[in-house]
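Engineer: Encoded as structure tokens, here's the structure I'll be asking about.
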Amino acid sequence: ELMGRLDWYQAAPPAFLLLANAVGSILDYDELALNFPSLILGTGAFLLFIRLAISILGPALAPLAYIPMATCSTAIFYCSEFRPQSADLFFAVAVLLAGHSVLARRWAPSALVGFTVLGIVSLWFSYAALFVVAGVGGVLVVLAVATQSQGVGRRMVLAFTIIMVHFALLYLLHIRPSVGPDLHAANSAAFAPVVDVGHGKWWWWILATRGYFQFPLGFWGFDAIAMLGLGVGVVHGFRTRKTAAIAAMAGAPIALLLIASSLGKYPITTGIHEVKSRFVLFTIPFAYLFLAFGVSRICGWLRNRKTLCLLVASALLIPSLYGGFTRPRFRGQEVRPLIEHLRHHLETGDTVYVFHASVPAFRYYTRAQPIAAVLGRPPRPG
């Protein structure tokens, strides 16, 4: 069952579900047990990102990237829930780090093998990893061919081809049969209007951009400064020879994401609706790197004015800290308090009706002490 379509026209990466099922079978499917893989993957993503930031930015500037990551309320929330977005985040960082390692080790065969294996494994744990593997791998192919070394180019092309062939098989055998037919209809407002930007679609981009800096990046207040830093970071990252390669590897997955979304294949966030922000959570490490590039460049312009540099860095970090510790914007629709209320107040003759979308959660939380109830059924299509 875990390898096929789930209830309510949902799908999830098979390896993530198998891992959660294995942990649950050992710990009796306790709620903490089901959330445990997400916690481990989320923690691992942060630790890997610290290593990545230090290797790219250096110890002095790396906190500009990993402090916002550490206080990102969206990442904290989804990495403590039974959701595959923690795997999206982990493998996004891991694949980018592996790509950086391939360059740092000068196309060593062991580095290419590691990137290939990680790329294949990541696709089983995360659908969003495709954008990262394809983006990072595509940039590595271009750089390998540009070295004019036939051995390096052939090996990188072979590695990338193996990963993409594996994804094609995974898509045909699992993803395509598992995705519900109502994907586009249910998320019609969440697809990026990249191809058609007329008819008021510019307003969509304004809301989506502002929403992205609030959810999931977590810059509540002074987000204009974070936008400026990101813009400067993108330009500086691509124009500087030292960071051009990593900037391309960080930017390519975002470009592929927008293309896929414009074709109606992948929903992304709109406005400030945090519900959709989970689909783009894997992009936040790339955004934080560009932000760090931008702030470091701005501070470089102000090298003789340390007070202004401190103000710029504070304007980036303080809103992130504020959003992480004082502005958790997630209002969970928890059924547990309601069930506890029912246990203490149900009287003889009372009838409990359960909305059809809440039936799985109701069954899970009442499995130890069942409550008699009338369970709703989903409406028939048409």
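In the structure tokens, each chain is lettered A, B, ... as it comes, each chain's residues begin at 1, and ligands are numbered from 1 in order of appearance.
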If we count only C-alpha atoms, what is near range 119-125 of chain A at a cut-off of 9 Å, once residues fewer than 4 positions away on the same chain are taken out, given as a list in words?

Structural biologist: Ala12, Pro13, Pro14, Ala15, Phe16, Leu17, Pro84, Ala87, Asp88, Phe91, Ala92, Ala94, Val95, Gly114, Phe115, Ala129, Leu130, Val132, Val133, Ala134, Gly137, Phe160, Ile162, Ile163, Met164, His166, Phe167 and Leu170 of chain A

Engineer: Would you mind exporting the chosen residues as a compact mmCIF listing (two decimals), in the first residue's frame, restricted to N, CA, C and O atoms?

Structural biologist:
```
# COMPACT_ATOMS: atom_id res chain seq x y z
N ALA A 12 3.22 10.21 -1.53
CA ALA A 12 4.40 10.55 -0.73
C ALA A 12 5.56 9.67 -1.19
O ALA A 12 5.34 8.56 -1.69
N PRO A 13 6.78 10.16 -1.06
CA PRO A 13 7.94 9.37 -1.48
C PRO A 13 7.96 8.01 -0.77
O PRO A 13 7.81 7.94 0.45
N PRO A 14 8.17 6.94 -1.51
CA PRO A 14 8.05 5.60 -0.90
C PRO A 14 9.08 5.33 0.18
O PRO A 14 8.75 4.71 1.20
N ALA A 15 10.33 5.78 0.00
CA ALA A 15 11.35 5.50 1.02
C ALA A 15 11.03 6.20 2.33
O ALA A 15 11.30 5.65 3.41
N PHE A 16 10.49 7.40 2.26
CA PHE A 16 10.12 8.12 3.48
C PHE A 16 9.02 7.35 4.22
O PHE A 16 9.08 7.20 5.46
N LEU A 17 8.03 6.87 3.49
CA LEU A 17 6.95 6.11 4.13
C LEU A 17 7.45 4.79 4.69
O LEU A 17 7.04 4.37 5.78
N PRO A 84 6.87 14.63 4.56
CA PRO A 84 8.13 14.39 3.83
C PRO A 84 8.92 15.64 3.52
O PRO A 84 9.99 15.56 2.92
N ALA A 87 12.48 15.59 4.50
CA ALA A 87 13.37 14.91 3.56
C ALA A 87 13.71 15.81 2.38
O ALA A 87 14.84 15.78 1.88
N ASP A 88 12.73 16.61 1.93
CA ASP A 88 13.02 17.59 0.86
C ASP A 88 14.18 18.49 1.27
O ASP A 88 15.12 18.72 0.49
N PHE A 91 17.73 16.50 1.66
CA PHE A 91 18.40 16.09 0.43
C PHE A 91 18.72 17.28 -0.47
O PHE A 91 19.64 17.20 -1.29
N ALA A 92 18.00 18.38 -0.31
CA ALA A 92 18.39 19.59 -1.05
C ALA A 92 19.77 20.06 -0.60
O ALA A 92 20.63 20.38 -1.43
N ALA A 94 22.00 18.18 1.06
CA ALA A 94 22.98 17.11 0.83
C ALA A 94 23.44 17.08 -0.63
O ALA A 94 24.64 16.92 -0.90
N VAL A 95 22.52 17.23 -1.57
CA VAL A 95 22.89 17.18 -2.99
C VAL A 95 23.74 18.40 -3.36
O VAL A 95 24.72 18.28 -4.10
N GLY A 114 29.76 9.17 -5.41
CA GLY A 114 28.95 9.61 -4.28
C GLY A 114 27.79 10.47 -4.70
O GLY A 114 26.67 10.32 -4.18
N PHE A 115 28.02 11.38 -5.64
CA PHE A 115 26.94 12.23 -6.14
C PHE A 115 25.87 11.39 -6.83
O PHE A 115 24.67 11.64 -6.65
N ALA A 129 13.43 16.58 -4.61
CA ALA A 129 14.85 16.39 -4.86
C ALA A 129 15.16 16.35 -6.34
O ALA A 129 16.30 16.60 -6.74
N LEU A 130 14.16 16.04 -7.17
CA LEU A 130 14.40 16.01 -8.61
C LEU A 130 14.91 17.36 -9.11
O LEU A 130 15.84 17.41 -9.92
N VAL A 132 16.57 19.59 -7.48
CA VAL A 132 17.93 19.83 -7.00
C VAL A 132 18.92 18.95 -7.75
O VAL A 132 19.97 19.41 -8.20
N VAL A 133 18.59 17.66 -7.89
CA VAL A 133 19.49 16.75 -8.59
C VAL A 133 19.65 17.17 -10.05
O VAL A 133 20.77 17.20 -10.58
N ALA A 134 18.53 17.52 -10.69
CA ALA A 134 18.60 17.93 -12.10
C ALA A 134 19.34 19.26 -12.24
O ALA A 134 20.14 19.43 -13.17
N GLY A 137 23.11 18.69 -11.02
CA GLY A 137 23.73 17.79 -11.98
C GLY A 137 23.91 18.42 -13.35
O GLY A 137 24.93 18.24 -14.01
N PHE A 160 25.09 11.67 -14.57
CA PHE A 160 23.82 12.40 -14.68
C PHE A 160 22.79 11.57 -15.43
O PHE A 160 21.61 11.55 -15.05
N ILE A 162 22.57 8.28 -15.55
CA ILE A 162 22.11 7.19 -14.68
C ILE A 162 21.03 7.70 -13.73
O ILE A 162 20.00 7.05 -13.51
N ILE A 163 21.23 8.88 -13.15
CA ILE A 163 20.25 9.44 -12.22
C ILE A 163 18.94 9.73 -12.93
O ILE A 163 17.85 9.41 -12.43
N MET A 164 19.00 10.34 -14.12
CA MET A 164 17.78 10.71 -14.83
C MET A 164 17.02 9.48 -15.33
O MET A 164 15.79 9.47 -15.33
N HIS A 166 17.04 6.62 -13.83
CA HIS A 166 16.41 6.09 -12.61
C HIS A 166 15.14 6.86 -12.27
O HIS A 166 14.13 6.26 -11.90
N PHE A 167 15.20 8.19 -12.41
CA PHE A 167 13.99 8.97 -12.13
C PHE A 167 12.87 8.61 -13.11
O PHE A 167 11.71 8.52 -12.71
N LEU A 170 11.30 5.52 -11.89
CA LEU A 170 10.53 5.80 -10.67
C LEU A 170 9.24 6.52 -11.01
O LEU A 170 8.19 6.24 -10.41
```

Engineer: Write out as a compact mmCIF listing (two decimals) with N, CA, C and O atoms, in the first residue's frame the residues lying within 10 Å of Val113 in chain A, counting only C-alpha atoms and excluding same-chain residues fewer than 3 positions away.

Structural biologist:
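New file around.txt:
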```
# COMPACT_ATOMS: atom_id res chain seq x y z
N VAL A 102 32.16 17.73 -5.46
CA VAL A 102 32.69 17.29 -6.75
C VAL A 102 33.65 18.33 -7.32
O VAL A 102 34.73 18.00 -7.83
N ALA A 108 36.97 14.09 -8.82
CA ALA A 108 37.48 12.77 -8.42
C ALA A 108 36.41 11.71 -8.66
O ALA A 108 35.23 11.93 -8.41
N PRO A 109 36.79 10.52 -9.17
CA PRO A 109 35.80 9.47 -9.43
C PRO A 109 34.95 9.12 -8.21
O PRO A 109 33.75 8.87 -8.32
N SER A 110 35.57 9.08 -7.02
CA SER A 110 34.81 8.76 -5.81
C SER A 110 33.76 9.82 -5.53
O SER A 110 32.65 9.51 -5.05
N THR A 116 26.27 10.41 -7.60
CA THR A 116 25.32 9.55 -8.32
C THR A 116 24.46 8.76 -7.34
O THR A 116 23.23 8.71 -7.47
N VAL A 117 25.11 8.13 -6.37
CA VAL A 117 24.36 7.33 -5.39
C VAL A 117 23.41 8.21 -4.59
O VAL A 117 22.24 7.85 -4.37
N LEU A 118 23.90 9.36 -4.14
CA LEU A 118 23.04 10.27 -3.38
C LEU A 118 21.87 10.76 -4.22
O LEU A 118 20.74 10.86 -3.72
N GLY A 119 22.12 11.04 -5.50
CA GLY A 119 21.04 11.49 -6.37
C GLY A 119 19.96 10.45 -6.51
O GLY A 119 18.76 10.76 -6.47
N ARG A 155 32.48 11.02 -17.72
CA ARG A 155 32.08 10.48 -16.42
C ARG A 155 30.90 11.26 -15.83
O ARG A 155 29.97 10.67 -15.28
N MET A 156 30.92 12.58 -15.95
CA MET A 156 29.83 13.38 -15.40
C MET A 156 28.54 13.18 -16.19
O MET A 156 27.46 13.08 -15.60
N ALA A 159 27.15 9.83 -15.11
CA ALA A 159 26.54 9.90 -13.78
C ALA A 159 25.18 10.56 -13.85
O ALA A 159 24.20 10.08 -13.26
```

Engineer: Between A:Pro378, A:Gly42, A:Gly24, A:Gly294, which residue has the minimum interatomic distance to Gly229 in chain A, considering only C-alpha atoms?

Structural biologist: A:Gly294

Engineer: Go ahead and compute the interatomic distance for CA of Asp350 in chain A and CA of Ala372 in chain A, in Å to one decimal.

Structural biologist: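 Interatomic distance, CA of Asp350 in chain A to CA of Ala372 in chain A: 9.7 Å.
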
Engineer: Taking 6 positions as the minimum chain separation for residues in the same chain, which residues sit within 10 Å of range 278-286 of chain A when counting only C-alpha atoms? Answer as a PyMOL selection string.

Structural biologist: chain A and resi 45-46+49+52-53+65-66+68-69+72+74-75+77-78+83-93+96+126-129+131-132+190+212-213+215-218+246-247+249-254+257+266-269+292

Engineer: Using CA of Tyr29 in chain A and CA of His344 in chain A as the two end points, give the distance in Å to one decimal.

Structural biologist: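 CA of Tyr29 in chain A sits 25.1 Å away from CA of His344 in chain A.
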
Engineer: In Å to one decimal, how far is CA of Leu291 in chain A from CA of Val312 in chain A?

Structural biologist: 11.6 Å

Engineer: Pick the closest to Ser277 in chain A from A:Val157, A:Ala11, A:Leu34, A:Ala208: which is it, counting only C-alpha atoms?

Structural biologist: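 The answer is A:Ala208, which sits nearest to Ser277 in chain A.
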
Engineer: Go through A:Ala192, A:Ala33, A:Arg239, A:Ile50 and flag the residue nearest Leu256 in chain A, using only C-alpha atoms for the distances.

Structural biologist: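 Ranking A:Ala192, A:Ala33, A:Arg239, A:Ile50 by distance to Leu256 in chain A, first place goes to A:Ala192.
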
Engineer: List every residue of range 86-315 of chain A that DSSP, applied to the backbone of this structure, places in helix (DSSP H, G or I), and write the result as a PyMOL selection string.

Structural biologist: chain A and resi 86-104+109-125+129-146+150-178+183-186+188-190+201-214+223-239+244-262+274-301+306-315

Engineer: Taking 3 positions as the minimum chain separation for residues in the same chain, which residues sit within 8 Å of Ser80 in chain A when counting only C-alpha atoms? Answer as an NGL selection string.

Structural biologist: :A and (35-36 or 38-39 or 42 or 76-77)
